[in-house]
$ cat target.cif   # mmCIF, C-alpha atoms
data_final
#
loop_
_atom_site.label_atom_id
_atom_site.label_comp_id
_atom_site.auth_asym_id
_atom_site.auth_seq_id
_atom_site.Cartn_x
_atom_site.Cartn_y
_atom_site.Cartn_z
CA MET C 1 -71.74 23.21 -131.51
CA GLY C 2 -73.48 20.64 -133.67
CA GLY C 3 -76.93 22.19 -133.43
CA ILE C 4 -79.11 19.14 -133.24
CA GLY C 5 -76.39 16.93 -134.73
CA TRP C 6 -74.75 15.74 -131.52
CA GLU C 7 -72.01 13.80 -133.26
CA ALA C 8 -70.81 16.84 -135.22
CA GLY C 9 -70.70 18.84 -132.01
CA ALA C 10 -68.71 16.32 -129.96
CA PRO C 11 -65.25 17.92 -130.40
CA TYR C 12 -66.67 21.21 -129.13
CA ALA C 13 -68.36 19.85 -126.00
CA PRO C 14 -67.14 21.34 -122.71
CA ASN C 15 -65.88 17.90 -121.62
CA SER C 16 -64.07 17.23 -124.91
CA GLU C 17 -60.37 16.40 -124.74
CA ASN C 18 -59.73 19.42 -127.00
CA MET C 19 -60.27 21.81 -124.09
CA GLY C 20 -57.01 23.13 -122.72
CA THR C 21 -53.82 22.87 -124.71
CA HIS C 22 -53.90 19.77 -126.86
CA LEU C 23 -51.03 19.59 -129.33
CA GLY C 24 -52.91 17.18 -131.56
CA ASP C 25 -55.63 19.74 -132.18
CA ARG C 26 -55.12 23.30 -133.35
CA ILE C 27 -58.39 24.00 -135.07
CA THR C 28 -61.23 23.41 -132.62
CA GLY C 29 -60.78 26.64 -130.67
CA VAL C 30 -60.38 29.00 -133.60
CA PHE C 31 -63.21 27.38 -135.55
CA TRP C 32 -65.41 27.53 -132.47
CA ALA C 33 -64.54 31.21 -132.13
CA ALA C 34 -65.50 31.90 -135.75
CA PHE C 35 -68.94 30.42 -135.12
CA LEU C 36 -69.16 32.25 -131.80
CA LEU C 37 -68.52 35.60 -133.48
CA PHE C 38 -71.36 34.82 -135.88
CA SER C 39 -73.53 34.18 -132.82
CA TRP C 40 -72.68 37.56 -131.36
CA THR C 41 -73.49 39.14 -134.68
CA ALA C 42 -76.94 37.53 -134.86
CA ALA C 43 -77.67 38.74 -131.34
CA SER C 44 -76.34 42.26 -131.94
CA ILE C 45 -78.47 42.66 -135.07
CA VAL C 46 -81.57 42.10 -132.94
CA SER C 47 -80.38 44.50 -130.26
CA GLY C 48 -80.38 47.52 -132.61
CA SER C 49 -84.10 47.35 -133.38
CA VAL C 50 -85.21 47.44 -129.78
CA ILE C 51 -83.08 50.25 -128.32
CA GLU C 52 -84.40 52.89 -125.94
CA ARG C 53 -87.32 50.83 -124.61
CA ILE C 54 -86.46 47.17 -123.95
CA ARG C 55 -85.28 45.89 -120.61
CA SER C 56 -81.67 44.76 -120.85
CA SER C 57 -82.49 41.47 -119.16
CA ALA C 58 -85.25 40.76 -121.69
CA LEU C 59 -82.89 41.42 -124.59
CA TRP C 60 -80.19 39.21 -123.07
CA VAL C 61 -82.59 36.27 -122.94
CA HIS C 62 -83.33 36.86 -126.63
CA ALA C 63 -79.61 37.22 -127.40
CA VAL C 64 -78.88 33.86 -125.80
CA MET C 65 -81.78 32.21 -127.62
CA ILE C 66 -80.81 33.39 -131.09
CA GLY C 67 -77.05 33.24 -130.53
CA SER C 68 -76.79 29.92 -128.75
CA VAL C 69 -79.90 28.04 -129.92
CA TRP C 70 -81.67 29.11 -133.12
CA TRP C 71 -78.69 30.14 -135.21
CA ILE C 72 -76.90 26.92 -134.27
CA ILE C 73 -79.87 24.91 -135.51
CA ASP C 74 -80.12 26.88 -138.74
CA ALA C 75 -76.40 26.42 -139.40
CA ALA C 76 -76.73 22.66 -138.87
CA TRP C 77 -79.66 22.61 -141.32
CA GLY C 78 -78.50 24.94 -144.05
CA TRP C 79 -74.89 26.01 -143.55
CA HIS C 80 -73.10 22.68 -143.52
CA TRP C 81 -72.36 20.33 -146.39
CA ASP C 82 -74.34 17.63 -144.59
CA GLY C 83 -77.35 19.80 -143.68
CA TRP C 84 -80.76 18.49 -144.76
CA MET C 85 -81.71 21.79 -146.38
CA VAL C 86 -78.66 21.60 -148.64
CA LYS C 87 -79.36 17.99 -149.55
CA VAL C 88 -83.11 18.20 -150.07
CA LEU C 89 -83.85 21.80 -151.02
CA GLY C 90 -80.59 22.63 -152.76
CA TYR C 91 -80.29 25.48 -150.27
CA HIS C 92 -77.27 27.65 -151.08
CA ASP C 93 -76.24 30.48 -148.79
CA ALA C 94 -72.47 30.78 -148.97
CA TYR C 95 -71.98 34.02 -147.01
CA ALA C 96 -74.99 33.82 -144.74
CA SER C 97 -77.74 35.98 -146.28
CA GLY C 98 -80.18 33.63 -144.60
CA VAL C 99 -78.43 31.84 -141.78
CA ILE C 100 -77.33 35.05 -140.08
CA HIS C 101 -79.18 38.02 -141.55
CA ALA C 102 -82.63 36.70 -142.45
CA ILE C 103 -82.96 34.84 -139.15
CA ALA C 104 -81.79 37.86 -137.12
CA GLY C 105 -84.06 40.24 -139.03
CA GLY C 106 -87.03 37.91 -138.58
CA TYR C 107 -86.16 37.58 -134.93
CA ALA C 108 -86.01 41.36 -134.48
CA LEU C 109 -89.39 41.70 -136.20
CA GLY C 110 -90.93 39.19 -133.79
CA VAL C 111 -89.63 41.15 -130.80
CA ILE C 112 -90.61 44.66 -131.97
CA MET C 113 -94.12 43.54 -132.89
CA VAL C 114 -94.73 42.71 -129.24
CA LEU C 115 -92.50 45.42 -127.78
CA GLY C 116 -94.20 48.33 -129.53
CA PRO C 117 -92.77 51.63 -130.75
CA ARG C 118 -90.83 54.18 -128.71
CA ILE C 119 -93.00 56.84 -127.13
CA GLY C 120 -93.46 59.60 -129.69
CA LYS C 121 -92.44 57.55 -132.72
CA PHE C 122 -95.96 57.74 -134.14
CA ALA C 123 -98.27 60.74 -134.05
CA ALA C 124 -101.83 60.25 -132.82
CA ASP C 125 -103.01 59.73 -136.39
CA GLY C 126 -100.34 57.10 -136.96
CA THR C 127 -97.90 59.18 -138.99
CA PRO C 128 -94.35 58.00 -138.24
CA ARG C 129 -91.92 60.60 -136.89
CA ASP C 130 -88.21 60.58 -137.50
CA ILE C 131 -86.13 60.19 -134.33
CA PRO C 132 -82.76 61.46 -135.59
CA PRO C 133 -79.49 59.99 -134.33
CA HIS C 134 -77.83 62.21 -131.75
CA ASN C 135 -74.40 61.68 -133.25
CA PRO C 136 -74.16 61.02 -137.00
CA TRP C 137 -70.37 60.67 -136.90
CA MET C 138 -70.52 57.80 -134.47
CA LEU C 139 -73.13 56.18 -136.61
CA THR C 140 -70.92 56.56 -139.69
CA ILE C 141 -67.78 55.19 -138.08
CA GLY C 142 -69.83 52.39 -136.55
CA LEU C 143 -71.14 51.32 -139.94
CA PHE C 144 -67.69 51.52 -141.51
CA LEU C 145 -66.34 49.26 -138.78
CA ILE C 146 -69.18 46.87 -139.49
CA TYR C 147 -68.16 46.84 -143.19
CA THR C 148 -64.59 46.04 -142.13
CA GLY C 149 -65.69 43.28 -139.80
CA PHE C 150 -68.00 41.98 -142.47
CA TRP C 151 -65.04 41.66 -144.82
CA GLY C 152 -63.37 39.47 -142.23
CA PHE C 153 -66.63 37.60 -141.84
CA TYR C 154 -66.52 36.73 -145.56
CA ALA C 155 -63.03 35.29 -145.17
CA ALA C 156 -64.07 33.40 -142.05
CA CYS C 157 -66.87 31.72 -143.98
CA ASN C 158 -64.26 29.94 -146.11
CA VAL C 159 -62.17 26.93 -145.32
CA PRO C 160 -58.71 28.32 -146.17
CA ILE C 161 -56.99 25.23 -147.50
CA ILE C 162 -58.09 21.69 -147.99
CA ALA C 163 -56.71 18.65 -149.79
CA PRO C 164 -59.01 17.13 -152.44
CA GLU C 165 -59.05 13.72 -150.78
CA VAL C 166 -60.45 15.25 -147.62
CA ILE C 167 -63.62 16.20 -149.48
CA ASP C 168 -64.48 12.51 -149.83
CA GLY C 169 -63.07 12.43 -153.38
CA GLN C 170 -65.83 14.72 -154.62
CA ILE C 171 -63.32 17.02 -156.26
CA VAL C 172 -61.20 15.53 -159.00
CA GLY C 173 -57.57 16.59 -159.24
CA THR C 174 -54.70 17.16 -156.89
CA THR C 175 -54.79 20.91 -156.33
CA TRP C 176 -55.30 22.04 -152.77
CA THR C 177 -57.83 24.79 -152.54
CA ALA C 178 -59.89 27.05 -150.35
CA THR C 179 -63.56 26.14 -150.23
CA ASN C 180 -66.80 27.70 -149.14
CA ILE C 181 -68.73 26.33 -146.17
CA TYR C 182 -70.24 23.61 -148.38
CA LEU C 183 -66.72 22.45 -149.31
CA ALA C 184 -67.07 23.68 -152.91
CA PRO C 185 -63.80 25.20 -154.18
CA THR C 186 -63.58 29.00 -154.16
CA THR C 187 -60.94 31.70 -153.75
CA LEU C 188 -60.51 34.72 -151.51
CA SER C 189 -59.79 36.66 -154.67
CA ALA C 190 -63.23 35.97 -156.15
CA ILE C 191 -65.16 36.82 -153.01
CA THR C 192 -63.17 40.03 -152.52
CA PHE C 193 -64.32 41.21 -155.95
CA ASN C 194 -67.90 40.36 -155.12
CA PHE C 195 -67.81 41.84 -151.63
CA LEU C 196 -66.62 45.20 -152.94
CA MET C 197 -68.88 45.25 -155.97
CA SER C 198 -72.01 44.40 -153.98
CA LEU C 199 -71.04 46.99 -151.35
CA SER C 200 -70.70 49.60 -154.08
CA GLY C 201 -73.93 48.57 -155.81
CA GLY C 202 -75.74 48.88 -152.50
CA LEU C 203 -74.24 52.28 -151.66
CA MET C 204 -75.07 53.77 -155.06
CA ALA C 205 -78.62 52.42 -155.18
CA ALA C 206 -79.28 53.55 -151.61
CA TYR C 207 -77.99 57.05 -152.36
CA VAL C 208 -80.37 57.32 -155.30
CA VAL C 209 -83.44 55.73 -153.73
CA SER C 210 -83.12 57.64 -150.44
CA LYS C 211 -82.28 60.91 -152.22
CA GLY C 212 -78.94 61.17 -150.47
CA ASP C 213 -80.03 60.33 -146.91
CA ALA C 214 -76.80 59.55 -145.04
CA PHE C 215 -78.24 56.90 -142.73
CA TRP C 216 -79.78 54.96 -145.60
CA THR C 217 -76.80 55.35 -147.90
CA PHE C 218 -74.38 53.83 -145.37
CA SER C 219 -76.84 51.13 -144.33
CA GLY C 220 -77.49 50.49 -148.01
CA GLY C 221 -73.89 49.41 -148.53
CA LEU C 222 -74.42 46.79 -145.87
CA ALA C 223 -77.78 45.78 -147.34
CA GLY C 224 -76.15 45.41 -150.77
CA VAL C 225 -73.55 42.99 -149.44
CA ILE C 226 -76.17 41.05 -147.49
CA THR C 227 -78.43 40.70 -150.52
CA ALA C 228 -75.59 39.35 -152.65
CA SER C 229 -74.13 37.14 -149.90
CA ALA C 230 -76.15 34.00 -150.61
CA GLY C 231 -74.55 33.59 -154.04
CA ASN C 232 -71.39 35.64 -153.74
CA ASP C 233 -69.22 32.56 -154.21
CA LEU C 234 -70.70 31.99 -157.67
CA TYR C 235 -71.79 35.40 -158.99
CA HIS C 236 -69.83 37.44 -161.47
CA PRO C 237 -68.78 40.75 -159.84
CA ILE C 238 -71.19 42.66 -162.12
CA GLN C 239 -74.00 40.36 -161.01
CA ALA C 240 -73.02 40.98 -157.40
CA MET C 241 -73.20 44.74 -157.95
CA LEU C 242 -76.63 44.55 -159.61
CA VAL C 243 -78.02 42.15 -157.01
CA GLY C 244 -76.85 44.49 -154.25
CA ALA C 245 -78.44 47.48 -155.97
CA VAL C 246 -81.77 45.78 -156.65
CA GLY C 247 -81.91 44.44 -153.09
CA VAL C 248 -81.44 47.88 -151.56
CA VAL C 249 -84.25 49.45 -153.58
CA ILE C 250 -86.71 46.73 -152.52
CA VAL C 251 -85.55 46.88 -148.90
CA TYR C 252 -85.94 50.66 -148.70
CA LYS C 253 -89.47 50.62 -150.11
CA LEU C 254 -90.49 47.66 -147.97
CA HIS C 255 -89.17 49.27 -144.77
CA TYR C 256 -91.31 52.40 -145.12
CA TRP C 257 -94.33 50.48 -146.30
CA VAL C 258 -94.19 48.19 -143.24
CA GLU C 259 -93.53 51.12 -140.89
CA ARG C 260 -96.64 52.97 -142.08
CA LYS C 261 -98.88 49.97 -142.48
CA PHE C 262 -98.10 48.11 -139.24
CA LYS C 263 -96.80 50.97 -137.05
CA LEU C 264 -93.57 49.15 -136.30
CA ASP C 265 -90.62 51.02 -134.84
CA ASP C 266 -87.46 49.39 -136.14
CA ALA C 267 -85.05 51.87 -134.52
CA VAL C 268 -81.99 51.25 -136.71
CA GLY C 269 -83.65 49.54 -139.67
CA ALA C 270 -82.22 46.13 -138.73
CA VAL C 271 -85.29 44.20 -139.82
CA ALA C 272 -84.96 45.83 -143.23
CA VAL C 273 -81.20 45.90 -143.72
CA HIS C 274 -80.66 42.37 -142.41
CA GLY C 275 -84.01 40.59 -142.60
CA TYR C 276 -85.48 41.78 -145.88
CA SER C 277 -82.08 41.85 -147.59
CA GLY C 278 -81.38 38.30 -146.48
CA VAL C 279 -84.72 36.98 -147.71
CA ILE C 280 -84.53 38.83 -151.03
CA GLY C 281 -80.93 37.71 -151.49
CA LEU C 282 -81.85 34.06 -151.04
CA ILE C 283 -84.69 34.25 -153.54
CA ILE C 284 -82.64 36.14 -156.13
CA ALA C 285 -79.88 33.52 -155.79
CA GLY C 286 -82.49 30.84 -156.49
CA PHE C 287 -83.17 32.37 -159.90
CA LEU C 288 -79.66 33.48 -160.86
CA LEU C 289 -78.01 30.24 -159.75
CA TRP C 290 -80.83 27.97 -160.94
CA GLY C 291 -79.33 24.54 -161.58
CA ALA C 292 -75.95 25.27 -160.03
CA PRO C 293 -74.70 22.67 -157.56
CA SER C 294 -75.48 23.59 -153.94
CA SER C 295 -72.40 21.65 -152.83
CA PRO C 296 -69.83 19.40 -154.52
CA TYR C 297 -71.54 16.25 -153.27
CA GLU C 298 -73.29 14.04 -155.79
CA GLY C 299 -76.99 13.38 -155.44
CA TYR C 300 -77.78 16.67 -153.67
CA ALA C 301 -80.55 18.89 -154.99
CA THR C 302 -79.29 21.75 -157.16
CA VAL C 303 -80.00 25.40 -156.43
CA ASN C 304 -83.57 26.36 -157.40
CA PRO C 305 -86.00 29.21 -156.65
CA VAL C 306 -88.48 27.03 -154.75
CA GLY C 307 -85.84 25.60 -152.44
CA GLN C 308 -84.38 29.05 -151.80
CA THR C 309 -87.81 30.52 -151.07
CA ILE C 310 -88.67 27.72 -148.66
CA GLY C 311 -85.22 28.19 -147.13
CA ALA C 312 -85.88 31.92 -146.69
CA ALA C 313 -89.22 31.17 -145.02
CA ILE C 314 -87.52 28.71 -142.65
CA MET C 315 -84.82 31.24 -141.72
CA PHE C 316 -86.90 34.40 -141.43
CA GLY C 317 -90.17 32.86 -140.26
CA LEU C 318 -89.75 29.49 -138.58
CA LEU C 319 -86.41 29.96 -136.80
CA GLY C 320 -86.42 33.77 -136.55
CA PHE C 321 -89.82 35.41 -136.25
CA LEU C 322 -91.80 32.62 -134.59
CA PRO C 323 -89.61 31.83 -131.55
CA ALA C 324 -89.00 35.56 -131.00
CA TYR C 325 -92.69 36.39 -131.10
CA VAL C 326 -93.66 33.59 -128.71
CA LEU C 327 -90.90 34.41 -126.22
CA ALA C 328 -91.63 38.14 -126.35
CA ARG C 329 -95.33 37.48 -125.73
CA ILE C 330 -94.42 35.45 -122.65
CA GLN C 331 -92.07 38.20 -121.42
CA ALA C 332 -94.76 40.83 -122.03
CA ALA C 333 -97.38 38.77 -120.20
CA VAL C 334 -95.12 38.47 -117.16
CA GLY C 335 -94.25 42.15 -117.45
CA VAL C 336 -90.49 41.88 -117.97
CA LEU C 337 -90.23 42.92 -121.62
CA ARG C 338 -90.49 46.69 -121.65
CA ILE C 339 -89.27 49.37 -119.28
CA PRO C 340 -91.92 51.41 -117.40
CA GLU C 341 -93.23 54.48 -119.22
CA GLU C 342 -91.90 57.00 -116.71
CA VAL C 343 -88.41 55.49 -116.96
CA GLU C 344 -88.52 55.68 -120.75
CA LEU C 345 -89.46 59.36 -120.62
CA GLN C 346 -86.82 60.14 -118.02
CA GLY C 347 -84.17 58.21 -119.96
CA LEU C 348 -82.81 54.78 -119.16
CA ASP C 349 -79.45 56.07 -118.07
CA TYR C 350 -80.99 57.79 -115.11
CA ALA C 351 -82.86 54.71 -113.97
CA GLU C 352 -80.12 52.17 -114.51
CA HIS C 353 -76.89 54.05 -114.45
CA HIS C 354 -77.71 57.01 -112.24
CA ALA C 355 -74.39 56.57 -110.48
CA TYR C 356 -72.81 58.39 -113.41
CA GLU C 357 -75.37 61.20 -113.41
CA ASP C 358 -75.05 61.50 -109.64
CA ALA C 359 -71.27 61.64 -109.83
CA VAL C 360 -71.46 64.37 -112.47
CA ASN C 361 -73.88 66.32 -110.28
CA ILE C 362 -71.67 65.95 -107.21
CA ILE C 363 -68.58 67.11 -109.06
CA THR C 364 -70.47 70.02 -110.62
CA GLU C 365 -71.69 71.07 -107.17
CA ALA C 366 -68.13 70.76 -105.84
CA ASP C 367 -66.86 73.01 -108.64
CA LYS C 368 -69.55 75.57 -107.86
CA ALA C 369 -68.70 75.47 -104.16
CA TYR C 370 -65.01 75.96 -104.95
CA LEU C 371 -65.75 78.91 -107.21
CA ALA C 372 -67.97 80.40 -104.53
CA THR C 373 -65.17 80.21 -101.91
CA ARG C 374 -62.67 81.69 -104.37
CA ALA C 375 -65.00 84.57 -105.19
CA LYS C 376 -65.25 85.35 -101.47
CA ALA C 377 -61.48 85.32 -101.00
CA MET S 1 -42.48 15.96 -146.45
CA ASP S 2 -46.09 14.92 -146.16
CA GLY S 3 -45.97 15.36 -142.41
CA ASN S 4 -44.62 18.88 -142.72
CA LEU S 5 -47.16 19.75 -145.41
CA ASN S 6 -49.97 18.63 -143.15
CA ALA S 7 -48.51 20.59 -140.26
CA LEU S 8 -48.25 23.69 -142.45
CA THR S 9 -51.86 23.31 -143.57
CA THR S 10 -53.02 22.94 -140.01
CA VAL S 11 -51.07 25.90 -138.69
CA PHE S 12 -52.17 28.02 -141.64
CA THR S 13 -55.80 27.14 -141.01
CA GLU S 14 -55.39 27.87 -137.32
CA PHE S 15 -53.83 31.26 -138.03
CA TYR S 16 -56.34 32.08 -140.77
CA TYR S 17 -59.33 31.68 -138.46
CA TRP S 18 -57.54 33.45 -135.66
CA VAL S 19 -57.03 36.51 -137.87
CA THR S 20 -60.51 36.54 -139.39
CA VAL S 21 -62.11 36.17 -135.95
CA VAL S 22 -60.23 39.22 -134.72
CA PHE S 23 -61.45 41.14 -137.78
CA MET S 24 -64.99 40.12 -136.98
CA PHE S 25 -64.64 41.67 -133.55
CA LEU S 26 -64.84 45.01 -135.37
CA ILE S 27 -68.47 44.20 -136.20
CA HIS S 28 -69.20 44.53 -132.50
CA VAL S 29 -67.21 47.69 -132.07
CA GLY S 30 -69.27 48.98 -134.99
CA PHE S 31 -72.60 47.88 -133.56
CA CYS S 32 -71.81 49.52 -130.24
CA MET S 33 -70.87 52.83 -131.86
CA TYR S 34 -73.77 52.68 -134.27
CA GLU S 35 -76.41 52.03 -131.64
CA VAL S 36 -75.04 54.57 -129.19
CA GLY S 37 -74.89 57.10 -132.04
CA ALA S 38 -78.48 56.31 -132.99
CA SER S 39 -79.91 56.51 -129.47
CA ARG S 40 -80.81 59.73 -127.70
CA ARG S 41 -78.44 61.17 -125.14
CA ARG S 42 -80.44 60.00 -122.14
CA ASN S 43 -80.09 56.34 -123.18
CA HIS S 44 -76.40 55.98 -124.03
CA MET S 45 -75.08 53.90 -121.22
CA HIS S 46 -78.06 51.59 -121.27
CA THR S 47 -77.66 50.96 -125.00
CA LEU S 48 -73.95 50.36 -124.62
CA MET S 49 -74.17 48.04 -121.62
CA LYS S 50 -76.94 46.01 -123.18
CA ASN S 51 -74.71 45.44 -126.23
CA VAL S 52 -71.50 44.74 -124.36
CA MET S 53 -73.05 42.18 -122.02
CA ILE S 54 -74.37 40.19 -124.97
CA ILE S 55 -70.75 39.19 -125.59
CA PRO S 56 -70.03 37.23 -122.39
CA LEU S 57 -73.58 35.90 -122.08
CA VAL S 58 -73.65 34.43 -125.57
CA THR S 59 -70.06 33.19 -125.24
CA VAL S 60 -70.71 31.25 -122.05
CA THR S 61 -74.03 29.77 -123.17
CA PHE S 62 -72.49 28.91 -126.55
CA PHE S 63 -69.62 27.15 -124.78
CA PHE S 64 -71.87 25.04 -122.57
CA PHE S 65 -74.91 24.42 -124.76
CA GLY S 66 -74.40 25.80 -128.29
#

$ encode --input "target.cif" --output "structure tokens"
Amino acid sequence: MGGIGWEAGAPYAPNSENMGTHLGDRITGVFWAAFLLFSWTAASIVSGSVIERIRSSALWVHAVMIGSVWWIIDAAWGWHWDGWMVKVLGYHDAYASGVIHAIAGGYALGVIMVLGPRIGKFAADGTPRDIPPHNPWMLTIGLFLIYTGFWGFYAACNVPIIAPEVIDGQIVGTTWTATNIYLAPTTLSAITFNFLMSLSGGLMAAYVVSKGDAFWTFSGGLAGVITASAGNDLYHPIQAMLVGAVGVVIVYKLHYWVERKFKLDDAVGAVAVHGYSGVIGLIIAGFLLWGAPSSPYEGYATVNPVGQTIGAAIMFGLLGFLPAYVLARIQAAVGVLRIPEEVELQGLDYAEHHAYEDAVNIITEADKAYLATRAKA
Amino acid sequence: MDGNLNALTTVFTEFYYWVTVVFMFLIHVGFCMYEVGASRRRNHMHTLMKNVMIIPLVTVTFFFFG
């Protein structure tokens, strides 16, 4: 789990003595699981953009690459007190605007650029068409569950309790405290304020900018939190609300501009809600937190707009977009990226899961036959 | 005293992550519902299976190589 830092990953190696019950170690498994759930999240963000046309196998290769390779590297670089981005750039990304959302959004963009839009998404003259969700209630409950999980995600980004001497004496005093991922003291109380205020800022701004569109309003809450996440350990709640609101407006405009200009079909807006929000959030944090310490360690660069912008480019572009684009091009060249046209038109369920359709047909026929015999009798 | 304090810290940390990880599972319930809700009727099962199978595939690769 150390990314490219083998030493840091040693306790998590499959041959480590921590595997199986080991009474001297109670943390490895749960900490590993926290990182694993972030991996799933990165992979699931990508999966939304590509629905209704990608081959499952092609997506799974991408899921493994972002979940088990690229995100691990980005976390080792920028989401660890000892990461080079934190030391050199002053990169600060407490609740993963960049290390989860920007990278996943960039990754999704790389895949959909090669994958192409769903049949019918664009008219012959290039005008985008709306493909409405078939079930808005499921969409709503789904997003609300994501908010809930995201709240847990915020808590899981913290170290719950730590003694000052464990942080190499960087914190003066004797009070034990919770810290963020960079081992800077914080509290669950503070981040709960900021989580809720940025969620609300995002929801309100999205309602206004989308003129009450339900899909965008709900997604906007998420985008608000994601935009504020980079600095949500240090913002004032009012700042968090405003950052969330500003982020959503930019994300909304950017999404439609990109869709028209480049004819990209981002089926659930994941590139926008996660990718653009993450990038914008990092850059905004660079300005608002200019000069703040990126971690409690002495001699590290402080937070600054240049470092945050470079950091955003590394997350979205270098570790997200680029590997996705290259891999998708290879998959497309070999012909394993996209499902055949006739299957897409017929519906993927028929091609891949026709057992269900067949079973429904058989049982419907059986019902008809039964009714026919009853009518006779 | 110190020994018990350390034990309490450790067990608290263990429990804290255990709880937050379970909360985060809801993100995936949410993604599944969201994507199935967003896709057209003819593509439901495909969308769902593609999402669900991400979970074991990423878990196993993360365990061995992550």

$ resolve_selection --input "target.cif" --expression "the PyMOL selection byres ((chain S and resi 29-37) around 7)" --output "PyMOL selection string"
(chain C and resi 44+48+133-136+138-139+142-143+145-146) or (chain S and resi 25-28+38-39+44+47-48+51)

$ residues_near_point --input "target.cif" --point "(-71.5, 35.4, -125.1)" --cutoff "9 Å" --atoms "only C-alpha atoms" --output "number ranges by chain"
C: 36-37, 39-40, 63-64, 67-68; S: 53-63

$ atom_distance --input "target.cif" --atom1 "CA of Phe64 in chain S" --atom2 "CA of Val19 in chain S"
24.2 Å

$ resolve_selection --input "target.cif" --expression "the PyMOL selection byres ((chain C and resi 54) around 8)" --output "PyMOL selection string"
chain C and resi 50-53+55-56+58-59+115+337-339

$ resolve_selection --input "target.cif" --expression "the PyMOL selection byres ((chain S and resi 10) around 12)" --output "list in words"
Leu23, Gly24, Asp25, Arg26, Ile27, Thr28, Val30, Phe31, Val159, Pro160, Ile161, Ile162 and Ala163 of chain C; Gly3, Asn4, Leu5, Asn6, Ala7, Leu8, Thr9, Val11, Phe12, Thr13, Glu14, Phe15, Tyr16 and Tyr17 of chain S

$ build_atoms --input "target.cif" --residues "range 24-39 of chain S" --atoms "N, CA and C atoms" --output "CSV table (one decimal), in the frame of the given file"
chain,number,residue,atom,x,y,z
S,24,MET,N,-63.5,40.1,-137.2
S,24,MET,CA,-65.0,40.1,-137.0
S,24,MET,C,-65.3,40.8,-135.7
S,25,PHE,N,-64.4,40.9,-134.8
S,25,PHE,CA,-64.6,41.7,-133.6
S,25,PHE,C,-65.0,43.1,-133.9
S,26,LEU,N,-64.5,43.6,-135.0
S,26,LEU,CA,-64.8,45.0,-135.4
S,26,LEU,C,-66.3,45.2,-135.6
S,27,ILE,N,-67.0,44.1,-136.0
S,27,ILE,CA,-68.5,44.2,-136.2
S,27,ILE,C,-69.1,44.7,-134.9
S,28,HIS,N,-68.6,44.2,-133.8
S,28,HIS,CA,-69.2,44.5,-132.5
S,28,HIS,C,-68.8,45.9,-132.0
S,29,VAL,N,-67.6,46.3,-132.3
S,29,VAL,CA,-67.2,47.7,-132.1
S,29,VAL,C,-68.2,48.6,-132.9
S,30,GLY,N,-68.4,48.2,-134.1
S,30,GLY,CA,-69.3,49.0,-135.0
S,30,GLY,C,-70.7,49.0,-134.5
S,31,PHE,N,-71.2,47.9,-134.1
S,31,PHE,CA,-72.6,47.9,-133.6
S,31,PHE,C,-72.7,48.8,-132.3
S,32,CYS,N,-71.8,48.7,-131.5
S,32,CYS,CA,-71.8,49.5,-130.2
S,32,CYS,C,-71.8,51.0,-130.6
S,33,MET,N,-70.9,51.4,-131.5
S,33,MET,CA,-70.9,52.8,-131.9
S,33,MET,C,-72.1,53.2,-132.6
S,34,TYR,N,-72.6,52.4,-133.5
S,34,TYR,CA,-73.8,52.7,-134.3
S,34,TYR,C,-75.0,52.9,-133.4
S,35,GLU,N,-75.2,52.0,-132.5
S,35,GLU,CA,-76.4,52.0,-131.6
S,35,GLU,C,-76.3,53.2,-130.6
S,36,VAL,N,-75.2,53.4,-130.1
S,36,VAL,CA,-75.0,54.6,-129.2
S,36,VAL,C,-75.2,55.9,-130.0
S,37,GLY,N,-74.7,55.9,-131.2
S,37,GLY,CA,-74.9,57.1,-132.0
S,37,GLY,C,-76.3,57.3,-132.4
S,38,ALA,N,-77.1,56.2,-132.6
S,38,ALA,CA,-78.5,56.3,-133.0
S,38,ALA,C,-79.4,56.6,-131.8
S,39,SER,N,-79.0,56.3,-130.6
S,39,SER,CA,-79.9,56.5,-129.5
S,39,SER,C,-79.8,57.9,-128.9
